[in-house]
>>> print(open('structure.tsv').read())   # TSV, C-alpha atoms and all ligand atoms
chain	number	residue	atom	x	y	z
H	25	MET	CA	-1.96	0.80	11.05
H	26	ALA	CA	-4.12	2.74	8.55
H	27	PRO	CA	-6.03	0.56	6.09
H	28	PRO	CA	-5.14	1.03	2.42
H	29	CYS	CA	-8.14	3.08	1.36
H	30	PRO	CA	-9.92	4.91	4.16
H	31	LYS	CA	-12.15	7.83	3.32
H	32	PRO	CA	-10.30	11.11	2.88
H	33	HIS	CA	-9.85	12.74	6.27
H	34	ALA	CA	-6.47	14.36	6.41
H	35	SER	CA	-4.91	17.62	5.47
H	36	GLN	CA	-2.15	20.06	6.26
H	37	PRO	CA	-1.79	23.77	5.75
H	38	VAL	CA	0.64	24.90	3.11
H	39	ALA	CA	2.39	28.19	2.62
H	40	GLY	CA	0.90	30.86	0.43
H	41	GLY	CA	-2.78	30.48	1.12
H	42	CYS	CA	-5.31	27.77	0.53
H	43	PRO	CA	-4.58	25.70	-2.57
H	44	SER	CA	-7.26	23.65	-4.20
H	45	ALA	CA	-7.36	20.08	-2.97
H	46	GLU	CA	-7.46	19.05	-6.62
H	47	ALA	CA	-4.23	20.77	-7.56
H	48	PRO	CA	-1.24	18.41	-7.61
H	49	ARG	CA	1.64	19.77	-5.57
H	50	GLU	CA	4.88	19.84	-7.42
H	51	GLY	CA	7.42	17.42	-5.99
H	52	GLY	CA	4.91	15.84	-3.62
H	53	ARG	CA	3.34	17.14	-0.47
H	54	SER	CA	6.50	17.13	1.58
H	55	THR	CA	7.71	20.26	-0.20
H	56	ALA	CA	4.92	22.30	1.36
H	57	THR	CA	6.00	24.55	4.20
H	58	THR	CA	3.82	25.28	7.18
H	59	PRO	CA	3.47	28.81	8.51
H	60	PRO	CA	4.08	28.85	12.28
H	61	GLU	CA	0.66	30.20	13.08
H	62	THR	CA	-1.03	27.30	11.31
H	63	ASN	CA	1.17	24.48	12.57
H	64	PRO	CA	-0.94	21.35	12.89
H	65	PRO	CA	-1.91	20.75	16.51
H	66	LYS	CA	0.00	17.82	18.01
H	67	THR	CA	-1.43	15.99	20.99
H	68	ASN	CA	-2.97	19.03	22.65
H	69	TRP	CA	-6.52	18.84	21.45
H	70	PRO	CA	-8.04	19.43	24.91
H	71	ASN	CA	-5.86	22.52	25.46
H	72	HIS	CA	-7.13	24.02	22.27
H	73	LEU	CA	-10.66	23.41	23.32
H	74	ASN	CA	-9.98	25.18	26.62
H	75	ALA	CA	-8.01	28.01	25.05
H	76	SER	CA	-8.98	31.66	24.82
H	77	PRO	CA	-11.52	32.64	22.14
H	78	SER	CA	-8.84	33.95	19.78
H	79	ASN	CA	-6.78	30.80	20.15
H	80	PHE	CA	-9.89	28.77	19.66
H	81	VAL	CA	-10.69	30.61	16.45
H	82	SER	CA	-7.14	29.99	15.28
H	83	PHE	CA	-7.47	26.32	16.18
H	84	ALA	CA	-10.83	26.08	14.44
H	85	ALA	CA	-9.32	27.68	11.33
H	86	THR	CA	-6.42	25.24	11.42
H	87	PHE	CA	-8.74	22.32	11.93
H	88	TRP	CA	-10.95	23.46	9.03
H	89	TYR	CA	-7.87	23.90	6.90
H	90	GLN	CA	-6.63	20.45	7.76
H	91	THR	CA	-9.88	18.72	7.10
H	92	ARG	CA	-10.84	20.61	3.94
H	93	VAL	CA	-7.48	21.02	2.25
H	94	SER	CA	-6.62	17.39	2.09
H	95	LEU	CA	-3.10	16.17	2.35
H	96	VAL	CA	-3.20	14.79	-1.13
H	97	LYS	CA	-0.82	14.78	-4.03
H	98	SER	CA	-3.53	14.62	-6.67
H	99	LYS	CA	-7.20	13.87	-6.95
H	100	GLN	CA	-6.35	11.03	-9.28
H	101	ARG	CA	-4.16	9.36	-6.65
H	102	VAL	CA	-6.95	9.66	-4.12
H	103	ALA	CA	-9.33	8.00	-6.55
H	104	ASP	CA	-6.86	5.32	-7.63
H	105	HIS	CA	-5.15	4.49	-4.35
H	106	GLY	CA	-7.06	6.13	-1.52
H	107	GLU	CA	-3.97	8.23	-0.95
H	108	VAL	CA	-4.90	10.70	1.76
H	109	PHE	CA	-2.42	11.37	4.51
H	110	THR	CA	-3.13	11.50	8.22
H	111	PRO	CA	-2.54	14.83	10.00
H	112	ALA	CA	0.12	14.93	12.69
H	113	TRP	CA	-2.26	15.51	15.58
H	114	MET	CA	-4.31	12.45	14.64
H	115	VAL	CA	-1.19	10.32	14.27
H	116	GLU	CA	-0.12	11.30	17.80
H	117	ALA	CA	-3.58	10.66	19.21
H	118	MET	CA	-3.72	7.23	17.61
H	119	LEU	CA	-0.22	6.32	18.75
H	120	ASP	CA	-1.13	7.40	22.26
H	121	LEU	CA	-3.68	4.58	22.27
H	122	VAL	CA	-0.71	2.19	22.32
H	123	LYS	CA	1.69	4.56	24.03
H	124	GLY	CA	3.55	1.91	25.99
H	125	GLU	CA	4.32	-0.08	22.86
H	126	THR	CA	5.46	2.98	20.91
H	127	GLU	CA	7.94	3.72	23.69
H	128	ARG	CA	9.34	0.20	23.80
H	129	ILE	CA	12.53	-0.10	21.78
H	130	ASP	CA	11.90	-3.61	20.46
H	131	SER	CA	8.14	-3.58	19.91
H	132	ARG	CA	7.41	-4.33	16.27
H	133	PHE	CA	5.16	-2.13	14.14
H	134	LEU	CA	3.99	-2.86	10.61
H	135	GLU	CA	2.01	-0.33	8.64
H	136	SER	CA	0.58	-2.04	5.62
H	137	ALA	CA	-0.26	1.19	3.76
H	138	CYS	CA	2.51	3.39	5.09
H	139	GLY	CA	2.47	6.22	2.55
H	140	ASP	CA	5.49	8.40	3.21
H	141	GLY	CA	5.61	7.37	6.84
H	142	ASN	CA	3.36	9.64	8.87
H	143	PHE	CA	2.94	6.95	11.50
H	144	LEU	CA	6.30	5.23	11.16
H	145	THR	CA	8.33	8.43	11.58
H	146	GLN	CA	6.56	9.24	14.83
H	147	ILE	CA	6.96	5.69	16.09
H	148	LEU	CA	10.67	5.97	15.37
H	149	ARG	CA	10.88	9.27	17.26
H	150	ARG	CA	9.20	7.73	20.29
H	151	LYS	CA	11.46	4.68	20.22
H	152	LEU	CA	14.57	6.85	19.92
H	153	ALA	CA	13.41	8.85	22.91
H	154	ALA	CA	13.29	5.55	24.81
H	155	VAL	CA	16.81	4.73	23.61
H	156	GLU	CA	18.01	8.10	24.84
H	157	LEU	CA	16.49	7.56	28.26
H	158	LYS	CA	18.06	4.16	28.66
H	159	TYR	CA	21.38	4.24	26.81
H	160	ALA	CA	22.54	7.86	26.67
H	161	ARG	CA	25.60	7.06	28.76
H	162	SER	CA	27.19	4.66	26.29
H	163	ASP	CA	27.65	5.60	22.64
H	164	PHE	CA	28.06	1.97	21.69
H	165	GLU	CA	24.79	0.89	23.32
H	166	ARG	CA	22.98	4.00	22.16
H	167	GLN	CA	23.91	3.36	18.54
H	168	HIS	CA	23.13	-0.34	18.58
H	169	TYR	CA	19.81	0.02	20.38
H	170	ALA	CA	18.84	2.88	18.09
H	171	LEU	CA	19.43	0.56	15.15
H	172	LEU	CA	17.37	-2.12	16.87
H	173	ALA	CA	14.55	0.43	17.24
H	174	LEU	CA	14.70	1.10	13.51
H	175	MET	CA	14.83	-2.63	12.78
H	176	CYS	CA	11.48	-3.09	14.49
H	177	ILE	CA	9.64	-0.73	12.13
H	178	TYR	CA	8.05	-2.15	8.97
H	179	GLY	CA	5.96	-0.81	6.13
H	180	ILE	CA	4.38	-1.75	2.84
H	181	GLU	CA	3.48	0.82	0.20
H	182	LEU	CA	2.13	0.45	-3.31
H	183	LEU	CA	3.46	3.64	-4.86
H	184	PRO	CA	7.19	3.94	-5.61
H	185	ASP	CA	7.56	7.64	-4.75
H	186	ASN	CA	5.85	7.14	-1.39
H	187	ILE	CA	8.01	4.23	-0.32
H	188	ALA	CA	11.16	6.10	-1.39
H	189	GLU	CA	10.07	9.17	0.62
H	190	CYS	CA	9.20	6.97	3.56
H	191	ARG	CA	12.70	5.48	3.63
H	192	VAL	CA	14.30	8.90	3.37
H	193	ASN	CA	12.07	10.33	6.11
H	194	LEU	CA	13.02	7.60	8.55
H	195	LEU	CA	16.67	7.72	7.58
H	196	GLU	CA	16.77	11.48	8.22
H	197	ILE	CA	15.36	11.13	11.71
H	198	PHE	CA	17.73	8.29	12.54
H	199	ALA	CA	20.81	10.03	11.14
H	200	GLU	CA	19.96	13.29	12.87
H	201	TYR	CA	19.51	11.58	16.22
H	202	LEU	CA	22.93	9.91	16.00
H	203	ASN	CA	24.60	12.75	14.10
H	204	LEU	CA	25.59	10.42	11.26
H	205	ALA	CA	27.23	11.23	7.94
H	206	PRO	CA	26.38	9.22	4.79
H	207	ALA	CA	29.78	7.56	4.80
H	208	ASP	CA	29.34	6.21	8.35
H	209	ASP	CA	28.86	2.48	8.78
H	210	LEU	CA	25.79	3.05	10.90
H	211	TYR	CA	24.21	5.32	8.30
H	212	ARG	CA	24.76	2.71	5.61
H	213	ALA	CA	23.57	-0.12	7.87
H	214	SER	CA	20.39	1.80	8.65
H	215	PHE	CA	19.84	2.44	4.95
H	216	PHE	CA	20.15	-1.28	4.32
H	217	VAL	CA	17.68	-2.09	7.10
H	218	LEU	CA	15.18	0.40	5.69
H	219	SER	CA	15.54	-1.10	2.22
H	220	GLN	CA	14.56	-4.46	3.72
H	221	ASN	CA	11.86	-3.38	6.16
H	222	LEU	CA	10.02	-0.84	4.00
H	223	VAL	CA	8.66	-2.84	1.14
H	224	HIS	CA	7.50	-1.54	-2.21
H	225	GLY	CA	4.58	-3.86	-2.78
H	226	ASP	CA	0.91	-4.65	-2.48
H	227	ALA	CA	-0.35	-5.46	1.01
H	228	LEU	CA	-3.47	-7.12	-0.39
H	229	THR	CA	-1.78	-9.58	-2.73
H	230	MET	CA	1.17	-9.76	-0.32
H	231	ARG	CA	3.56	-9.50	-3.25
H	232	THR	CA	6.38	-7.08	-3.92
H	233	HIS	CA	6.21	-4.74	-6.91
H	234	ASP	CA	8.12	-7.38	-8.87
H	235	ALA	CA	5.61	-10.08	-7.89
H	236	LEU	CA	7.69	-11.92	-5.31
H	237	PRO	CA	6.11	-12.97	-2.01
H	238	ILE	CA	6.71	-10.26	0.59
H	239	THR	CA	9.07	-11.38	3.34
H	240	PHE	CA	9.94	-9.52	6.51
H	241	ALA	CA	13.15	-9.71	8.43
H	242	GLU	CA	12.81	-10.40	12.13
H	243	TRP	CA	15.81	-8.64	13.63
H	244	GLY	CA	17.17	-9.20	17.09
H	245	TYR	CA	20.09	-7.76	19.02
H	246	LEU	CA	22.34	-10.41	20.51
H	247	GLY	CA	24.51	-7.88	22.36
H	248	LYS	CA	28.18	-7.09	21.83
H	249	GLY	CA	27.42	-5.45	18.49
H	250	ARG	CA	25.86	-8.45	16.78
H	251	PHE	CA	22.43	-8.63	15.16
H	252	GLN	CA	20.43	-11.68	14.21
H	253	ARG	CA	18.13	-11.91	11.20
H	254	ARG	CA	15.45	-14.41	10.25
H	255	ASP	CA	13.09	-13.87	7.32
H	256	PHE	CA	9.42	-14.81	7.35
H	257	ARG	CA	6.88	-14.74	4.55
H	258	TYR	CA	4.17	-12.18	5.11
H	259	ASP	CA	1.40	-14.48	3.86
H	260	ASN	CA	2.41	-17.07	6.47
H	261	LEU	CA	2.56	-14.48	9.23
H	262	THR	CA	-0.95	-13.26	8.46
H	263	GLN	CA	-2.28	-16.79	8.83
H	264	SER	CA	-0.59	-17.26	12.15
H	265	SER	CA	-3.48	-16.18	14.35
H	266	ALA	CA	-6.03	-18.20	12.33
H	267	PHE	CA	-3.91	-21.31	12.63
H	268	SER	CA	-3.55	-21.01	16.37
H	269	ALA	CA	-7.23	-20.14	16.95
H	270	GLU	CA	-9.04	-22.43	19.33
H	271	GLY	CA	-10.82	-25.21	17.46
H	272	SER	CA	-8.72	-24.77	14.35
H	273	LEU	CA	-7.55	-27.94	12.65
H	274	PHE	CA	-3.99	-26.86	13.37
H	275	ALA	CA	-4.46	-25.60	16.92
H	276	HIS	CA	-2.63	-28.59	18.36
H	277	LEU	CA	0.47	-27.80	16.35
H	278	GLY	CA	2.93	-25.38	17.84
H	279	LYS	CA	3.49	-22.28	15.72
H	280	HIS	CA	7.07	-23.31	15.44
H	281	GLU	CA	6.04	-26.38	13.44
H	282	ILE	CA	4.28	-24.42	10.71
H	283	PHE	CA	5.86	-21.01	10.69
H	284	GLN	CA	9.46	-21.71	10.04
H	285	PRO	CA	11.64	-18.86	8.80
H	286	ALA	CA	12.15	-18.73	5.06
H	287	LYS	CA	15.78	-17.93	5.77
H	288	THR	CA	18.08	-17.64	8.78
H	289	TYR	CA	21.26	-15.61	8.66
H	290	PRO	CA	24.42	-15.80	10.71
H	291	PRO	CA	24.83	-12.98	13.26
H	292	MET	CA	25.93	-9.70	11.65
H	293	THR	CA	27.82	-6.66	12.89
H	294	LEU	CA	27.22	-3.04	11.90
H	295	GLY	CA	30.14	-3.25	9.49
H	296	GLU	CA	28.64	-6.31	7.80
H	297	LEU	CA	25.24	-4.69	7.53
H	298	SER	CA	26.84	-1.56	6.16
H	299	ALA	CA	28.57	-3.57	3.44
H	300	LEU	CA	25.17	-4.79	2.27
H	301	ALA	CA	23.89	-1.25	1.68
H	302	PRO	CA	23.24	-0.43	-1.93
H	303	GLU	CA	25.90	1.78	-3.46
H	304	ILE	CA	23.62	4.73	-4.10
H	305	ILE	CA	22.45	6.29	-0.88
H	306	PRO	CA	20.26	9.39	-0.96
H	401	LIG	C1	-4.85	6.77	3.13
H	401	LIG	S1	-3.16	6.71	2.62
H	401	LIG	C2	-2.42	6.58	4.20
H	401	LIG	C3	-0.96	6.89	4.20
H	401	LIG	C4	-0.34	6.91	5.59
H	401	LIG	N1	-0.60	5.66	6.25
H	401	LIG	C5	-0.93	8.02	6.41
H	401	LIG	O1	-1.76	7.71	7.27
H	401	LIG	O2	-0.57	9.18	6.22
H	401	LIG	C6	-3.11	5.06	1.98
H	401	LIG	C7	-1.78	4.66	1.38
H	401	LIG	O3	-1.87	3.28	1.04
H	401	LIG	C8	-1.29	3.06	-0.21
H	401	LIG	N2	-1.94	1.85	-0.74
H	401	LIG	C9	-3.12	1.75	-1.38
H	401	LIG	N3	-3.38	0.47	-1.67
H	401	LIG	C10	-2.35	-0.27	-1.19
H	401	LIG	C11	-2.03	-1.65	-1.20
H	401	LIG	N4	-2.84	-2.55	-1.74
H	401	LIG	N5	-0.87	-2.04	-0.62
H	401	LIG	C12	-0.02	-1.14	-0.05
H	401	LIG	N6	-0.28	0.19	-0.03
H	401	LIG	C13	-1.42	0.62	-0.59
H	401	LIG	C14	-1.54	4.32	-0.98
H	401	LIG	O4	-0.61	4.49	-2.01
H	401	LIG	C15	-1.41	5.38	0.12
H	401	LIG	O5	-0.09	5.84	0.23
>>> encode(input="structure.tsv", output="structure tokens", more="lines below")
Ligand SMILES: C[S@@+](CC[C@H](N)C(=O)[O-])C[C@H]1O[C@@H](n2cnc3c(N)ncnc32)[C@H](O)[C@@H]1O
Amino acid sequence: MAPPCPKPHASQPVAGGCPSAEAPREGGRSTATTPPETNPPKTNWPNHLNASPSNFVSFAATFWYQTRVSLVKSKQRVADHGEVFTPAWMVEAMLDLVKGETERIDSRFLESACGDGNFLTQILRRKLAAVELKYARSDFERQHYALLALMCIYGIELLPDNIAECRVNLLEIFAEYLNLAPADDLYRASFFVLSQNLVHGDALTMRTHDALPITFAEWGYLGKGRFQRRDFRYDNLTQSSAFSAEGSLFAHLGKHEIFQPAKTYPPMTLGELSALAPEIIP
């Protein structure tokens, strides 16, 4: 979704006044608490514009706060990595541009500079809402389709603390929705999926942090509790549209002839996915 290094544009109020944008926040930005009166606006921009003068002033103050007090961890990280986070209201507005897709359980989203998951967490929430609408009556279906929703969310992030936070943020939302405990198979399976789908690497070189080609798992739900997995190399996937472009040397070839999976797995159950989870789970 967001390109790796857009110009700084994001911010979020923090408790205890207006800290300098330059000051690093201890433990990362997620430790900041937001006073209720300065909660970032969500999708209700027009309402704020139509609100009473006092509400409007409050909105204007919030907006100023959000745009001036950048959601940054340090000035150095902004300079080095373009690390500026997107405010919640803007995330919602952008996701609304593809609302239908965000509310489809098996639509696939990749954010190639995912930070700690501002976009991916909200996509997950929307997908889980779709799961709830469709499968609330059966715990079995609800759990399996919720995992499928998670399986369709992908990210790449350069910085190790961001990718770790991103995994935790998604895991928390998923576990809370299904009321999971860390020892549950589904919790462990979801942790495994996140460890595969959220890649610590460089989206420009398309390599992981340990210099391997980035691969993504294409997950599918076969029904009856079984999931399918095929892995594809990211560099191949990014060439896919160029190869199939009209007039291209390879246009006559079906995609299937060039873009074979790097690996295909036998169908797996929740229990089998859970067994693949690393031993240490946050
Ligand atoms: C502008 S921030 C956006 C973060 C998040 N997408 C958001 O909107 O809140 C850009 C993020 O991209 C990461 N990044 C920078 N260069 C990257 C690269 N080559 N590959 C992957 N991530 C990168 C930074 O560490 C940072 O977390």
>>> axis_aligned_box(input="structure.tsv", around="ligand LIG 401 (chain H)", padding_each_side="4 Å", output="AutoDock Vina command-line options")
--center_x -2.4 --center_y 3.3 --center_z 2.6 --size_x 12.8 --size_y 19.7 --size_z 17.3
>>> atom_distance(input="structure.tsv", atom1="CA of Pro291 in chain H", atom2="CA of Phe251 in chain H")
5.3 Å
>>> residues_around(input="structure.tsv", residues="Tyr211 in chain H", least_positions_apart="2", cutoff="12 Å", atoms="all atoms listed in the file", output="count of residues only")
38
>>> residues_around(input="structure.tsv", residues="range 235-239 of chain H", least_positions_apart="3", cutoff="10 Å", atoms="all atoms listed in the file", output="MDAnalysis selection string")
chainID H and resid 180 220:221 223:227 229:232 242 254:261 285:287
>>> write_last_selection(input="structure.tsv", atoms="C-alpha atoms", output="PDB file, in the frame of the given file")
ATOM      1  CA  ILE H 180       4.380  -1.750   2.840  1.00  0.00           C
ATOM      2  CA  GLN H 220      14.560  -4.460   3.720  1.00  0.00           C
ATOM      3  CA  ASN H 221      11.860  -3.380   6.160  1.00  0.00           C
ATOM      4  CA  VAL H 223       8.660  -2.840   1.140  1.00  0.00           C
ATOM      5  CA  HIS H 224       7.500  -1.540  -2.210  1.00  0.00           C
ATOM      6  CA  GLY H 225       4.580  -3.860  -2.780  1.00  0.00           C
ATOM      7  CA  ASP H 226       0.910  -4.650  -2.480  1.00  0.00           C
ATOM      8  CA  ALA H 227      -0.350  -5.460   1.010  1.00  0.00           C
ATOM      9  CA  THR H 229      -1.780  -9.580  -2.730  1.00  0.00           C
ATOM     10  CA  MET H 230       1.170  -9.760  -0.320  1.00  0.00           C
ATOM     11  CA  ARG H 231       3.560  -9.500  -3.250  1.00  0.00           C
ATOM     12  CA  THR H 232       6.380  -7.080  -3.920  1.00  0.00           C
ATOM     13  CA  GLU H 242      12.810 -10.400  12.130  1.00  0.00           C
ATOM     14  CA  ARG H 254      15.450 -14.410  10.250  1.00  0.00           C
ATOM     15  CA  ASP H 255      13.090 -13.870   7.320  1.00  0.00           C
ATOM     16  CA  PHE H 256       9.420 -14.810   7.350  1.00  0.00           C
ATOM     17  CA  ARG H 257       6.880 -14.740   4.550  1.00  0.00           C
ATOM     18  CA  TYR H 258       4.170 -12.180   5.110  1.00  0.00           C
ATOM     19  CA  ASP H 259       1.400 -14.480   3.860  1.00  0.00           C
ATOM     20  CA  ASN H 260       2.410 -17.070   6.470  1.00  0.00           C
ATOM     21  CA  LEU H 261       2.560 -14.480   9.230  1.00  0.00           C
ATOM     22  CA  PRO H 285      11.640 -18.860   8.800  1.00  0.00           C
ATOM     23  CA  ALA H 286      12.150 -18.730   5.060  1.00  0.00           C
ATOM     24  CA  LYS H 287      15.780 -17.930   5.770  1.00  0.00           C
TER      25      LYS H 287
END
>>> residues_near_ligand(input="structure.tsv", ligand="ligand LIG 401 (chain H)", cutoff="9 Å", atoms="all atoms listed in the file", output="VMD selection string")
chain H and resid 25 to 34 95 to 96 101 to 102 104 to 112 115 135 to 144 179 to 184 186 to 187 223 to 230
>>> atom_distance(input="structure.tsv", atom1="CA of Met118 in chain H", atom2="CA of Ile147 in chain H")
10.9 Å
>>> closest_residue(input="structure.tsv", among="H:Glu296, H:Glu189, H:Glu156, H:Glu116", to="Gln252 in chain H", atoms="all atoms listed in the file")
H:Glu296
>>> closest_residue(input="structure.tsv", among="H:Gln146, H:Tyr245, H:Tyr169, H:Thr293", to="Met114 in chain H", atoms="only C-alpha atoms")
H:Gln146
>>> atom_distance(input="structure.tsv", atom1="CA of Arg132 in chain H", atom2="CA of Cys176 in chain H")
4.6 Å
